[in-house]
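Each remark here refers to the structure printed beneath this line.
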Amino acid sequence: MRIAIIDESAARASIIQEGLAALDDCELFVVTERRGLLARMGEIDPDIVLMDLGNPSRDVLEEYFAVSRALQRPIAMFVDESDDESIAASVEAGVSSYVVDGMAPGRIRPILDLAVRRFNAFSRLQQDLAEAKSKLAERESIDKAKRILMDSRGLPEPKAYAELRKAAMNQGKRIADIAEAIVTAHNLMGNP
């Protein structure tokens, strides 16, 4: 596992390193420079990111949140103090674990595990949502194509669907693809 530790203080980063010392088969990368952080993360390509921000200003937090949004990786963020706005912003940015005043070597591993599990659970939810939206869009396209066939050829709904299915089988395509082609052709012909 490749773990990036982002901390401007090498002393604080060593606490995280100490907490991860017992992990086998693990590469640690300590990044202490904020400049070019996103590019550096691209080079490292970490599996998980641990950020220790201490007591960051709003600008610094926003900078790290931007990195978090771009990475699409499990991220655990350690801060000394927090407020409702910062917590909400971290959730929006995709931070998997937001730990206030919790920097101790013995707590690092459980926090890392939690961040990975929460990230994976959230990723599954996002995939499920994207799949559901895609299926809904396909269903809407099929319904539009059926309406077009029903209106233009005077077919009942079951017969219109049977025509879509038959065309899909004959052409080796999915019904949704045939439906989308019908809707597109219908729109190109100047029909709303």
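Each chain in the structure tokens gets a letter, A, B, ..., in the order shown, and its residues are numbered from 1; ligands are numbered from 1 in order too.
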key: range 111-113 of chain A environment, 12 Å, only C-alpha atoms, sequence neighbours closer than 4 positions dropped, as a ChimeraX atom specification   = /A:1,3-5,16,19-20,23,47-51,73-78,95-100,102-107,117-120
Convert the current residue selection to file output with N, CA, C and O atoms, as a compact mmCIF listing (two decimals), in the first residue's frame.
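Okay, out_4.txt is ready:
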# COMPACT_ATOMS: atom_id res chain seq x y z
N MET A 1 0.86 -1.17 0.00
CA MET A 1 0.00 0.00 0.00
C MET A 1 0.90 1.23 0.00
O MET A 1 1.88 1.31 0.72
N ILE A 3 1.21 5.04 0.93
CA ILE A 3 0.57 6.03 1.81
C ILE A 3 1.34 7.34 1.73
O ILE A 3 2.54 7.37 1.96
N ALA A 4 0.62 8.39 1.39
CA ALA A 4 1.22 9.72 1.37
C ALA A 4 0.85 10.42 2.68
O ALA A 4 -0.31 10.45 3.07
N ILE A 5 1.85 10.97 3.33
CA ILE A 5 1.66 11.75 4.54
C ILE A 5 1.96 13.20 4.18
O ILE A 5 3.08 13.53 3.78
N ILE A 16 2.85 10.23 12.62
CA ILE A 16 2.07 9.36 11.73
C ILE A 16 2.92 8.19 11.27
O ILE A 16 2.47 7.04 11.26
N GLY A 19 3.06 5.63 13.89
CA GLY A 19 1.82 4.88 13.97
C GLY A 19 1.65 3.86 12.86
O GLY A 19 0.87 2.91 13.00
N LEU A 20 2.38 4.04 11.77
CA LEU A 20 2.28 3.13 10.63
C LEU A 20 3.46 2.17 10.53
O LEU A 20 3.52 1.35 9.62
N LEU A 23 2.97 -1.62 9.95
CA LEU A 23 2.34 -2.11 8.72
C LEU A 23 3.36 -2.77 7.80
O LEU A 23 4.41 -2.21 7.51
N ASP A 47 -2.34 5.14 -2.40
CA ASP A 47 -3.59 4.42 -2.18
C ASP A 47 -4.42 5.14 -1.12
O ASP A 47 -5.64 5.02 -1.11
N ILE A 48 -3.76 5.82 -0.21
CA ILE A 48 -4.43 6.58 0.84
C ILE A 48 -3.57 7.79 1.19
O ILE A 48 -2.35 7.76 1.04
N VAL A 49 -4.24 8.86 1.62
CA VAL A 49 -3.54 10.09 1.98
C VAL A 49 -3.90 10.46 3.41
O VAL A 49 -5.07 10.47 3.78
N LEU A 50 -2.87 10.74 4.20
CA LEU A 50 -3.06 11.21 5.56
C LEU A 50 -2.55 12.64 5.62
O LEU A 50 -1.39 12.90 5.32
N MET A 51 -3.43 13.58 5.97
CA MET A 51 -3.07 15.00 6.03
C MET A 51 -3.10 15.46 7.48
O MET A 51 -4.12 15.32 8.14
N ARG A 73 -9.26 9.42 -3.57
CA ARG A 73 -8.62 8.39 -2.75
C ARG A 73 -9.11 8.55 -1.32
O ARG A 73 -9.56 9.61 -0.93
N PRO A 74 -8.97 7.50 -0.49
CA PRO A 74 -9.29 7.67 0.92
C PRO A 74 -8.36 8.71 1.54
O PRO A 74 -7.15 8.67 1.34
N ILE A 75 -8.94 9.64 2.29
CA ILE A 75 -8.16 10.69 2.91
C ILE A 75 -8.57 10.83 4.36
O ILE A 75 -9.76 10.95 4.67
N ALA A 76 -7.57 10.79 5.24
CA ALA A 76 -7.80 11.08 6.65
C ALA A 76 -7.13 12.42 6.93
O ALA A 76 -5.97 12.63 6.57
N MET A 77 -7.88 13.32 7.53
CA MET A 77 -7.38 14.66 7.80
C MET A 77 -7.33 14.88 9.31
O MET A 77 -8.31 14.65 10.01
N PHE A 78 -6.17 15.29 9.79
CA PHE A 78 -5.98 15.58 11.21
C PHE A 78 -5.87 17.08 11.39
O PHE A 78 -5.08 17.73 10.71
N VAL A 95 -13.33 14.00 2.10
CA VAL A 95 -12.46 13.52 3.17
C VAL A 95 -13.18 12.36 3.86
O VAL A 95 -14.34 12.48 4.25
N SER A 96 -12.49 11.23 3.99
CA SER A 96 -13.10 10.03 4.56
C SER A 96 -13.11 10.03 6.08
O SER A 96 -13.97 9.42 6.70
N SER A 97 -12.12 10.66 6.66
CA SER A 97 -12.02 10.70 8.11
C SER A 97 -11.46 12.06 8.51
O SER A 97 -10.40 12.45 8.04
N TYR A 98 -12.17 12.75 9.38
CA TYR A 98 -11.79 14.10 9.82
C TYR A 98 -11.58 14.02 11.33
O TYR A 98 -12.54 13.86 12.09
N VAL A 99 -10.34 14.07 11.77
CA VAL A 99 -10.00 13.81 13.16
C VAL A 99 -9.52 15.10 13.82
O VAL A 99 -8.55 15.71 13.39
N VAL A 100 -10.24 15.48 14.87
CA VAL A 100 -9.90 16.69 15.61
C VAL A 100 -9.13 16.29 16.87
O VAL A 100 -9.60 15.47 17.65
N GLY A 102 -6.57 14.43 17.48
CA GLY A 102 -6.43 12.99 17.66
C GLY A 102 -5.13 12.42 17.17
O GLY A 102 -5.07 11.27 16.75
N MET A 103 -4.08 13.21 17.21
CA MET A 103 -2.80 12.77 16.67
C MET A 103 -2.02 12.01 17.74
O MET A 103 -1.40 12.60 18.61
N ALA A 104 -2.12 10.68 17.69
CA ALA A 104 -1.35 9.82 18.57
C ALA A 104 -0.99 8.57 17.78
O ALA A 104 -1.82 8.06 17.03
N PRO A 105 0.24 8.09 17.90
CA PRO A 105 0.67 6.95 17.08
C PRO A 105 -0.27 5.75 17.16
O PRO A 105 -0.54 5.11 16.15
N GLY A 106 -0.79 5.44 18.32
CA GLY A 106 -1.67 4.29 18.48
C GLY A 106 -3.01 4.44 17.80
O GLY A 106 -3.71 3.45 17.56
N ARG A 107 -3.41 5.65 17.47
CA ARG A 107 -4.71 5.89 16.83
C ARG A 107 -4.61 5.90 15.30
O ARG A 107 -5.63 5.87 14.62
N ARG A 117 -12.34 2.17 4.69
CA ARG A 117 -13.67 1.54 4.65
C ARG A 117 -14.77 2.54 4.29
O ARG A 117 -15.67 2.24 3.52
N ARG A 118 -14.67 3.74 4.86
CA ARG A 118 -15.67 4.76 4.54
C ARG A 118 -15.56 5.18 3.08
O ARG A 118 -16.56 5.38 2.40
N PHE A 119 -14.34 5.32 2.59
CA PHE A 119 -14.13 5.68 1.19
C PHE A 119 -14.73 4.61 0.28
O PHE A 119 -15.44 4.91 -0.69
N ASN A 120 -14.45 3.33 0.58
CA ASN A 120 -14.96 2.24 -0.24
C ASN A 120 -16.49 2.19 -0.21
O ASN A 120 -17.13 1.98 -1.24
Shell around range 174-186 of chain A at 6 Å using only C-alpha atoms, local window under 3 positions removed, as a list in words =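 Neighbouring residues, sequence-local ones excluded: Glu138, Ser141, Ile142, Ala145, Arg165, Ala168, Met189 and Asn191 of chain A.
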task = Can you pull out every residue within 9 Å of Phe65 in chain A, counting only C-alpha atoms, but drop anything in the same chain fewer than 6 positions away, and send it as a PyMOL selection string?
result = chain A and resi 89-90+92-95
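Between CA of Leu164 in chain A and CA of Lys146 in chain A the interatomic distance comes to 7.8 Å.
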DSSP strand (DSSP E or B) selection over chain A, as a list in words = Arg2, Ile3, Ala4, Ile5, Ile6, Glu27, Leu28, Phe29, Val30, Val31, Ile48, Val49, Leu50, Met51, Asp52, Leu53, Gly54, Ile75, Ala76, Met77, Phe78, Val79, Ser97, Tyr98, Val99 and Val100 of chain A
query = Between A:Val60, A:Met41, A:Leu28, A:Ile148, which one has atoms that come closest to Gln72 in chain A, using only C-alpha atoms?
reply =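 Selected residue with least distance to Gln72 in chain A: A:Met41.
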query = For the atom pair CA of Leu149 in chain A and CA of Tyr161 in chain A, what is the interatomic distance in Å to one decimal place?
reply = 8.8 Å
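Considering the residues A:Ile108, A:Ala66, A:Ala137, A:Leu155 and counting only C-alpha atoms, Ala21 in chain A has its shortest atom-to-atom contact with A:Ile108.
Of note, CA of Asp143 in chain A and CA of Glu157 in chain A are spaced 9.4 Å apart.
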key: Shortest interatomic distance to Arg12 in chain A - which of A:Tyr64, A:Asp25, A:Val79, A:Pro110, counting only C-alpha atoms   =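 Ranking A:Tyr64, A:Asp25, A:Val79, A:Pro110 by distance to Arg12 in chain A, first place goes to A:Val79.
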request  = Could you give me the residues within chain A that DSSP places in helix (DSSP H, G or I), as JSON, numbers by chain?
outcome  = {"A": [10, 11, 12, 13, 14, 15, 16, 17, 18, 19, 20, 37, 38, 39, 40, 41, 42, 43, 44, 58, 59, 60, 61, 62, 63, 64, 65, 66, 67, 68, 69, 70, 71, 84, 85, 86, 87, 88, 89, 90, 91, 92, 105, 106, 107, 108, 109, 110, 111, 112, 113, 114, 115, 116, 117, 118, 119, 120, 121, 122, 123, 124, 125, 126, 127, 128, 129, 130, 131, 132, 133, 134, 135, 136, 137, 138, 139, 140, 141, 142, 143, 144, 145, 146, 147, 148, 149, 150, 151, 152, 153, 157, 158, 159, 160, 161, 162, 163, 164, 165, 166, 167, 168, 169, 170, 171, 175, 176, 177, 178, 179, 180, 181, 182, 183, 184, 185, 186, 187, 188]}
